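*Asks:* My structure file upload_1.txt, compact mmCIF, C-alpha atoms, is below:
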# COMPACT_ATOMS: atom_id res chain seq x y z
CA MET A 1 0.00 0.00 0.00
CA GLU A 2 1.34 3.43 -0.90
CA SER A 3 1.78 5.66 2.09
CA SER A 4 0.99 9.32 2.52
CA ILE A 5 3.53 11.15 4.65
CA THR A 6 2.80 14.40 6.45
CA ASN A 7 6.24 15.86 7.09
CA ASP A 8 5.88 18.79 9.46
CA SER A 9 8.91 18.87 11.70
CA LEU A 10 8.71 22.65 11.85
CA ARG A 11 5.88 22.27 14.30
CA PHE A 12 8.60 22.39 16.95
CA ASP A 13 8.85 26.11 16.36
CA ILE A 14 5.18 27.07 16.14
CA ASP A 15 3.46 26.45 19.50
CA ASP A 16 5.13 26.46 22.91
CA GLU A 17 2.85 23.67 24.15
CA ALA A 18 2.90 21.64 20.95
CA SER A 19 6.63 22.08 20.61
CA LYS A 20 7.12 19.66 23.46
CA ASP A 21 5.48 16.77 21.64
CA VAL A 22 5.25 15.27 18.17
CA GLU A 23 3.26 12.33 16.90
CA LEU A 24 3.62 9.56 14.37
CA THR A 25 0.26 8.02 13.65
CA LYS A 26 0.73 4.74 11.89
CA ASP A 27 2.37 2.18 10.27
CA GLU A 28 0.69 -0.77 8.71
CA VAL A 29 1.95 -4.09 10.00
CA VAL A 30 2.03 -7.15 7.77
CA ILE A 31 2.42 -10.42 9.64
CA PRO A 32 4.67 -12.41 9.47
CA ASP A 33 6.89 -10.06 7.43
CA LYS A 34 6.40 -7.34 10.04
CA LYS A 35 6.68 -4.40 7.70
CA LEU A 36 5.96 -0.91 8.96
CA THR A 37 4.63 1.54 6.38
CA LEU A 38 4.12 5.11 7.50
CA LEU A 39 0.56 6.29 6.99
CA SER A 40 0.83 9.79 8.44
CA GLY A 41 2.96 11.77 10.81
CA ASN A 42 4.74 15.06 11.45
CA MET A 43 8.35 13.96 11.90
CA ASP A 44 11.24 14.38 9.55
CA ALA A 45 12.39 11.33 7.60
CA GLU A 46 15.45 10.61 9.76
CA ALA A 47 13.46 10.66 13.00
CA GLU A 48 10.69 8.55 11.46
CA ILE A 49 13.23 5.88 10.45
CA SER A 50 14.56 5.82 14.01
CA VAL A 51 11.06 5.21 15.39
CA ARG A 52 10.36 2.58 12.75
CA SER A 53 13.60 0.71 13.59
CA PHE A 54 12.90 0.95 17.30
CA LEU A 55 9.41 -0.54 16.88
CA LEU A 56 10.58 -3.31 14.56
CA SER A 57 13.20 -4.42 17.08
CA ARG A 58 10.46 -4.92 19.66
CA MET A 59 7.56 -6.20 17.59
CA ASN A 60 8.07 -9.84 18.54
CA GLN A 61 7.65 -8.88 22.18
CA TRP A 62 4.12 -7.53 21.91
CA PHE A 63 2.70 -7.42 18.35
CA ILE A 64 0.97 -10.81 18.31
CA LYS A 65 -2.41 -12.14 17.29
CA GLY A 66 -5.07 -10.97 19.71
CA GLU A 67 -5.02 -7.97 22.03
CA THR A 68 -1.91 -6.10 23.09
CA GLU A 69 -1.10 -3.73 25.89
CA SER A 70 0.25 -0.33 25.05
CA ILE A 71 3.89 0.49 25.75
CA THR A 72 5.43 3.70 27.04
CA THR A 73 9.20 3.63 26.88
CA SER A 74 12.26 5.82 26.37
CA MET A 75 14.36 5.97 23.23
CA GLU A 76 16.95 8.22 21.62
CA ILE A 77 16.37 10.29 18.48
CA GLU A 78 19.08 12.54 17.07
CA SER A 79 21.04 12.28 20.33
CA LYS A 80 18.02 13.33 22.41
CA GLN A 81 16.09 11.20 24.89
CA ILE A 82 12.35 11.16 24.21
CA GLN A 83 9.40 9.10 25.39
CA LEU A 84 7.45 6.95 23.00
CA TYR A 85 3.89 5.69 23.49
CA SER A 86 2.79 2.99 21.07
CA LYS A 87 -0.33 0.86 20.79
CA GLY A 88 -1.25 -1.81 18.29
CA ILE A 89 -4.74 -1.73 16.75
CA PHE A 90 -6.12 -5.10 15.71
CA SER A 91 -8.56 -5.88 12.92
CA LYS A 92 -11.91 -7.17 14.17
CA GLN A 93 -12.22 -9.33 11.05
CA SER A 94 -8.82 -11.04 10.95
CA GLY A 95 -7.68 -10.62 14.53
CA PHE A 96 -4.27 -9.52 13.23
CA LEU A 97 -2.44 -6.33 13.99
CA ASP A 98 -3.29 -3.74 11.33
CA TYR A 99 -2.02 -0.46 12.70
CA VAL A 100 0.36 1.01 15.26
CA ILE A 101 -0.41 4.40 16.76
CA CYS A 102 2.56 6.29 18.22
CA PHE A 103 2.86 9.48 20.21
CA LEU A 104 6.21 10.98 21.12
CA SER A 105 7.09 13.46 23.84
CA SER A 106 10.33 15.36 24.38
CA SER A 107 9.79 15.10 28.15
CA VAL A 108 12.27 12.59 29.54
CA ALA A 109 9.64 11.15 31.91
CA GLY A 110 5.98 11.41 32.81
CA LEU A 111 4.16 10.30 29.66
CA GLU A 112 3.37 7.00 31.42
CA LEU A 113 1.08 8.94 33.76
CA PHE A 114 -1.24 9.43 30.79
CA GLN A 115 -1.05 5.85 29.52
CA ASN A 116 -4.66 4.94 30.37
CA ASP A 117 -5.88 8.18 28.78
CA LEU A 118 -3.79 7.55 25.66
CA ASP A 119 -5.17 4.00 25.46
CA THR A 120 -8.73 5.33 25.47
CA PHE A 121 -7.88 8.00 22.91
CA SER A 122 -6.11 5.50 20.62
CA ILE A 123 -9.04 3.09 20.68
CA LYS A 124 -11.38 5.92 19.68
CA LEU A 125 -9.05 6.72 16.78
CA ALA A 126 -9.22 3.18 15.42
CA PRO A 127 -12.34 3.73 13.22
CA HIS A 128 -10.64 6.69 11.56
CA LEU A 129 -7.64 4.67 10.44
CA GLN A 130 -9.50 2.79 7.70
CA LYS A 131 -11.25 5.99 6.61
CA TYR A 132 -7.87 7.67 6.43
CA THR A 133 -6.52 4.84 4.29
CA ASP A 134 -9.51 4.89 1.91
CA SER A 135 -9.84 8.67 1.52
CA ILE A 136 -8.22 10.91 -1.03
CA ASP A 137 -8.60 14.02 1.14
CA THR A 138 -7.24 13.03 4.54
CA THR A 139 -7.19 16.51 6.15
CA HIS A 140 -10.27 15.89 8.27
CA TYR A 141 -9.05 12.56 9.64
CA TRP A 142 -5.55 13.84 10.35
CA LYS A 143 -7.07 16.48 12.64
CA GLU A 144 -8.39 13.68 14.83
CA PHE A 145 -4.82 12.49 15.43
CA GLU A 146 -3.34 15.95 15.62
CA SER A 147 -5.53 16.90 18.59
CA TRP A 148 -4.01 14.27 20.91
CA HIS A 149 -1.83 16.75 22.78
CA SER A 150 -4.64 19.09 23.89
CA THR A 151 -7.27 16.34 24.17
CA VAL A 152 -5.30 13.94 26.35
CA LEU A 153 -2.75 15.99 28.28
CA SER A 154 -4.37 19.34 29.04
CA PHE A 155 -7.00 18.54 31.69
CA VAL A 156 -5.01 19.68 34.76
CA LYS A 157 -4.13 23.01 33.12
CA ASP A 158 -7.71 23.47 31.94
CA CYS A 159 -9.01 22.98 35.48
CA LEU A 160 -6.35 25.39 36.69
CA SER A 161 -7.55 28.07 34.27
CA HIS A 162 -11.28 27.62 35.03
CA PHE A 163 -11.10 27.43 38.83
CA ASP A 164 -9.47 29.91 41.15
CA TYR A 165 -8.68 28.69 44.66
CA ASP A 166 -11.88 26.62 44.56
CA LEU A 167 -9.50 24.14 42.94
CA SER A 168 -8.21 23.54 46.49
CA THR A 169 -11.62 22.07 47.34
CA LEU A 170 -11.47 19.78 44.30
CA LEU A 171 -7.96 18.69 45.24
CA CYS A 172 -9.11 17.95 48.79
CA ALA A 173 -12.18 16.10 47.47
CA GLY A 174 -9.96 14.01 45.22
CA PHE A 175 -7.59 13.13 48.07
CA CYS A 176 -10.57 12.16 50.26
CA GLY A 177 -12.57 10.41 47.53
CA ASP A 178 -15.60 12.62 48.22
CA THR A 179 -18.69 12.53 46.04
CA VAL A 180 -18.52 15.35 43.49
CA ILE A 181 -21.69 16.32 41.65
CA ILE A 182 -21.04 18.17 38.40
CA ASN A 183 -24.23 19.99 37.41
CA ASN A 184 -25.63 20.06 33.88
CA SER A 185 -24.63 23.70 33.46
CA VAL A 186 -21.01 22.53 33.06
CA PRO A 187 -20.10 21.83 29.39
CA ARG A 188 -19.62 18.17 28.59
CA ASP A 189 -15.94 18.48 27.62
CA MET A 190 -15.14 20.37 30.82
CA LYS A 191 -17.08 17.83 32.87
CA LYS A 192 -14.85 15.06 31.52
CA LYS A 193 -11.74 17.07 32.36
CA ILE A 194 -12.93 17.69 35.93
CA GLU A 195 -13.63 13.97 36.33
CA ARG A 196 -10.14 13.15 35.08
CA PHE A 197 -8.65 15.69 37.47
CA LEU A 198 -10.46 14.04 40.39
CA GLU A 199 -9.36 10.60 39.20
CA CYS A 200 -5.70 11.56 39.04
CA CYS A 201 -5.91 13.01 42.60
CA SER A 202 -7.51 9.86 43.98
CA LEU A 203 -5.74 8.01 46.80
CA SER A 204 -8.16 5.08 46.72
CA ALA A 205 -5.31 2.66 45.94
CA LEU A 206 -4.32 3.12 49.59
CA PHE A 207 -7.31 1.07 50.63
CA ARG A 208 -6.86 -1.92 48.36
CA ASP A 209 -4.66 -3.71 50.83
CA GLY A 210 -3.27 -3.19 54.30
CA SER A 211 -0.22 -1.20 53.22
CA SER A 212 -0.09 2.32 51.87
CA GLU A 213 3.55 2.10 50.83
CA ASN A 214 4.55 2.52 47.18
CA LYS A 215 1.08 3.26 45.83
CA ILE A 216 1.84 6.47 44.01
CA ASN A 217 1.35 5.51 40.38
CA SER A 218 -2.20 4.14 40.40
CA SER A 219 -4.97 6.06 38.67
CA THR A 220 -8.48 4.77 39.34
CA SER A 221 -11.91 5.53 37.96
CA LEU A 222 -14.51 7.34 40.03
CA THR A 223 -16.58 4.15 40.22
CA ASP A 224 -13.61 2.36 41.77
CA LEU A 225 -13.38 4.57 44.84
CA VAL A 226 -13.69 3.04 48.30
CA SER A 227 -17.30 2.08 48.87
CA LEU A 228 -17.91 3.33 52.40
CA GLU A 229 -20.38 5.76 53.91
CA ASN A 230 -19.26 9.21 52.83
CA PRO A 231 -21.55 12.12 53.75
CA THR A 232 -19.47 14.80 52.02
CA LYS A 233 -20.89 15.95 48.69
CA ILE A 234 -19.28 18.67 46.62
CA SER A 235 -21.25 20.47 43.91
CA ILE A 236 -19.78 22.20 40.84
CA ASP A 237 -21.73 24.79 38.84
CA VAL A 238 -21.03 27.46 36.23
CA ASN A 239 -23.00 30.68 35.63
CA ASN A 240 -23.83 32.49 32.39
CA GLU A 241 -20.56 34.45 32.59
CA GLY A 242 -18.57 31.20 32.67
CA VAL A 243 -17.58 31.56 36.33
CA TYR A 244 -17.24 28.21 38.10
CA THR A 245 -18.29 27.72 41.73
CA VAL A 246 -17.56 24.81 44.06
CA THR A 247 -19.73 24.35 47.18
CA PRO A 248 -19.36 23.70 50.01
CA SER A 249 -15.75 24.69 50.58
CA LYS A 250 -13.54 21.91 51.92
CA ARG A 251 -9.96 23.08 51.98
CA SER A 252 -6.74 22.60 53.88
CA THR A 253 -3.59 24.67 54.07
CA PHE A 254 -1.78 21.79 52.36
CA CYS A 255 -4.21 21.84 49.41
CA ASP A 256 -4.08 25.65 49.27
CA ASP A 257 -0.29 25.45 49.04
CA CYS A 258 -0.55 22.81 46.30
CA VAL A 259 -2.81 25.07 44.22
CA LYS A 260 -0.44 28.00 44.72
CA GLN A 261 2.42 25.87 43.41
CA LEU A 262 0.33 24.84 40.40
CA LYS A 263 -0.58 28.45 39.63
CA VAL A 264 2.99 29.72 40.05
CA ASN A 265 4.20 26.98 37.68
CA HIS A 266 1.29 27.17 35.23
CA SER A 267 3.71 27.81 32.35
CA MET A 268 5.19 24.31 32.71
CA ASP A 269 4.20 21.78 30.08
CA TYR A 270 1.27 19.42 30.65
CA ILE A 271 3.42 16.49 31.73
CA GLN A 272 5.34 18.50 34.33
CA ILE A 273 2.08 19.86 35.77
CA ARG A 274 0.68 16.33 36.03
CA GLN A 275 3.91 15.19 37.72
CA MET A 276 3.32 17.87 40.35
CA ILE A 277 -0.02 16.24 41.17
CA GLU A 278 1.78 12.92 41.62
CA ASN A 279 4.25 14.61 43.99
CA PHE A 280 1.35 15.97 46.04
CA LYS A 281 -0.08 12.45 46.24
CA LEU A 282 3.30 11.11 47.32
CA LYS A 283 3.45 13.71 50.11
CA ASN A 284 -0.06 12.63 51.17
CA ILE A 285 1.05 9.02 51.34
CA GLN A 286 4.20 9.88 53.29
CA ASP A 287 2.15 11.92 55.78
CA MET A 288 -0.40 9.11 55.98
CA ASN A 289 2.30 6.60 56.86
CA THR A 290 3.71 8.90 59.54
CA PHE A 291 0.23 9.56 60.92
CA ARG A 292 -0.56 5.86 61.09
CA ARG A 293 2.63 5.18 63.02
CA LEU A 294 1.79 7.94 65.47
CA LEU A 295 -1.74 6.60 65.89
CA THR A 296 -0.34 3.17 66.74
CA GLN A 297 1.89 4.74 69.40
CA ALA A 298 -1.00 6.85 70.69
CA GLU A 299 -3.04 3.71 71.43
CA VAL A 300 -0.77 3.06 74.44
CA ASP A 301 0.88 6.43 75.10
CA PHE A 302 -1.00 9.63 75.97
CA TYR A 303 1.95 11.88 75.03
CA ALA A 304 2.05 10.19 71.60
CA CYS A 305 -1.57 11.26 71.20
CA TYR A 306 -0.47 14.87 71.72
CA LYS A 307 2.35 14.39 69.18
CA THR A 308 -0.25 13.04 66.75
CA TYR A 309 -2.32 16.19 67.23
CA LEU A 310 0.75 18.36 66.63
CA PHE A 311 1.47 16.44 63.44
CA LEU A 312 -2.07 17.05 62.18
CA LEU A 313 -1.59 20.74 62.85
CA THR A 314 1.84 21.15 61.27
CA SER A 315 1.06 18.98 58.23
CA GLY A 316 -1.73 21.33 57.19
CA ASN A 317 -3.53 18.26 55.92
CA GLY A 318 -5.60 17.20 58.92
CA VAL A 319 -8.92 16.87 57.11
CA VAL A 320 -7.44 14.44 54.55
CA LEU A 321 -5.41 12.43 57.08
CA MET A 322 -8.32 12.03 59.50
CA HIS A 323 -10.77 11.16 56.75
CA ASN A 324 -8.54 8.53 55.16
CA SER A 325 -7.55 7.08 58.54
CA ARG A 326 -11.25 6.57 59.28
CA LEU A 327 -11.68 4.78 55.96
CA GLN A 328 -8.59 2.67 56.45
CA SER A 329 -9.51 1.70 60.03
CA ASN A 330 -12.94 0.61 58.80
CA LEU A 331 -11.26 -1.70 56.30
CA ASP A 332 -8.76 -3.14 58.78
CA GLU A 333 -9.65 -6.58 60.07
CA PRO A 334 -10.06 -7.00 62.93
CA LYS A 335 -11.08 -3.43 63.71
CA THR A 336 -8.93 -1.79 66.36
CA LYS A 337 -11.12 -0.35 69.08
CA ARG A 338 -8.24 1.64 70.59
CA LEU A 339 -7.45 3.20 67.23
CA GLN A 340 -11.05 4.31 66.88
CA GLN A 341 -10.87 5.82 70.35
CA VAL A 342 -7.72 7.77 69.48
CA LEU A 343 -9.35 9.10 66.30
CA ASP A 344 -12.46 10.05 68.30
CA THR A 345 -10.31 11.90 70.86
CA LEU A 346 -8.45 13.81 68.14
CA GLU A 347 -11.67 14.74 66.38
CA GLN A 348 -13.28 15.96 69.60
CA PHE A 349 -10.27 18.15 70.30
CA ILE A 350 -10.33 19.53 66.74
CA GLN A 351 -14.02 20.41 67.18
CA MET A 352 -13.18 22.20 70.42
CA MET A 353 -10.65 24.23 68.41
CA GLY A 354 -13.38 25.37 66.03
CA GLY A 355 -13.34 22.49 63.56
CA TYR A 356 -10.90 22.07 60.69
CA ALA A 357 -11.48 25.61 59.42
CA GLY A 358 -10.36 27.09 62.76
CA PHE A 359 -7.78 24.40 63.50
CA ASP A 360 -5.95 24.18 60.18
CA THR A 361 -4.63 27.70 59.59
CA LYS A 362 -1.23 29.05 58.65
CA GLU A 363 -1.31 31.20 61.78
CA ASN A 364 -1.68 28.14 64.05
CA LYS A 365 1.11 26.33 62.22
CA GLU A 366 3.49 29.27 62.35
CA THR A 367 2.72 29.94 66.03
CA LEU A 368 3.40 26.31 66.94
CA ILE A 369 6.61 26.10 64.92
CA ASN A 370 7.87 29.39 66.40
CA LYS A 371 7.27 28.06 69.90
CA THR A 372 8.60 24.53 69.52
CA GLY A 373 10.90 24.70 66.52
CA PRO A 374 10.81 22.08 63.74
CA LEU A 375 9.07 18.89 64.86
CA ARG A 376 10.51 15.47 64.12
CA TYR A 377 8.50 12.27 63.98
CA ASN A 378 10.02 8.84 64.01
Is it possible to express this structure as structure tokens?

*Replies:*
Amino acid sequence: MESSITNDSLRFDIDDEASKDVELTKDEVVIPDKKLTLLSGNMDAEAEISVRSFLLSRMNQWFIKGETESITTSMEIESKQIQLYSKGIFSKQSGFLDYVICFLSSSVAGLELFQNDLDTFSIKLAPHLQKYTDSIDTTHYWKEFESWHSTVLSFVKDCLSHFDYDLSTLLCAGFCGDTVIINNSVPRDMKKKIERFLECCSLSALFRDGSSENKINSSTSLTDLVSLENPTKISIDVNNEGVYTVTPSKRSTFCDDCVKQLKVNHSMDYIQIRQMIENFKLKNIQDMNTFRRLLTQAEVDFYACYKTYLFLLTSGNGVVLMHNSRLQSNLDEPKTKRLQQVLDTLEQFIQMMGGYAGFDTKENKETLINKTGPLRYN
């Protein structure tokens, strides 16, 4: 089959966002000869040959009859390290591999965070591949492939641009796995991006087994969140002027600081912004592990209970830590009565301090740190 090549390497110089990423959309695979024929792309010939050679050297590992998992890996092109995402598309009729969709990013790491999203996007592209092959004018179909960068990677930045510090509430809701109701006034595309933002903030993998260690790379769907009683419901609406509101407010100083970091670094590319979310999740998990250790000590030591309270205060993340500790203790078998009592004691004291809104403030943190100095927890 003759191939049509879109050679547009100058795209690197046109758009600051697009300049970070280029894509190579297909190559027909003939089994068992395993030939790759470029169908369309925007790379120069030398770079395209490098990708083709790289894929051919690995085809026996994953291009087989049936279904295949996508691959995100690193490779070198023109002495530069890039990341390559590739997924094989199989024919429903023959069951053989017909196409390979590839997306390349100049970021040295992070594209794997979008692997599930790229899988979904690639599968949706599959019907266009045959149309592309059969059409004389392929402009319309190429646009479907060309939009991958903004369609798949941009959701965190889009949420950042539509929400002010209400984004702190969404971040907190994602960390807690709260129910978020997105009203019909929100456009469908934006609704999907908000859902993806909440998914990527989810810590629900913490509750799949007894350990919260090393669970930083899991992204779960909203339907896969921990199924426990959860009275908190957050509502999102947008008015005629396009102003988004999130009610009720559920924030923490930790989440406020996270949003400030996102806004200060809004000029970073999509992958770097998403990596920041993963770093916030990692900090949550580290704090959760420390908090759980302190809770265990507090079951038998009153002073450890006070240290646990101090940790909640200085972490700036008390609402998330307490909420997730409740969920985790409900999943622990057998349930620890003493642990529940410690959590009850801490919550009662927090309520005496005016609830989380009065308890978790920068002023309280700074006052405590000024009095006691940096706190260390073993």

*Asks:* What's around region 241-248 of chain A at 7 Å? Count only C-alpha atoms, leave out sequence neighbours fewer than 3 positions away in its own chain, and write the answer as an MDAnalysis selection string.

*Replies:* chainID A and resid 162:163 166 234:238

*Asks:* Pick out the residues sitting within 12 Å of Val300 (chain A), and hand them over as a CSV table (one decimal) with C-alpha atoms, keeping the file's coordinate frame; count only C-alpha atoms, and ignore anything fewer than 6 positions along from it in its own chain.

*Replies:*
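Final output, result-v2.csv:
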chain,number,residue,atom,x,y,z
A,294,LEU,CA,1.8,7.9,65.5
A,338,ARG,CA,-8.2,1.6,70.6
A,339,LEU,CA,-7.4,3.2,67.2
A,341,GLN,CA,-10.9,5.8,70.4
A,342,VAL,CA,-7.7,7.8,69.5

*Asks:* Hey, what's within 10 Å of Glu347 (chain A) if we count all atoms listed in the file and toss same-chain stuff fewer than 4 positions away? As a ChimeraX atom specification, please?

*Replies:* /A:309,318-319,322,341-343,351-353,355-356

*Asks:* List the neighbours of Asn324 (chain A) out to 7 Å using all atoms listed in the file; skip same-chain residues closer than 4 positions along the sequence, and give me the result as a PyMOL selection string.

*Replies:* chain A and resi 176+320+328

*Asks:* Closest to Asp158 (chain A) among A:Ile194, A:Cys200, A:Leu113, A:Val180, using only C-alpha atoms?

*Replies:* A:Ile194

*Asks:* Which value, in Å to one decimal, gives the distance between CA of Lys260 (chain A) and CA of Cys172 (chain A)?

*Replies:*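 For CA of Lys260 (chain A) relative to CA of Cys172 (chain A), the distance reads 13.9 Å.
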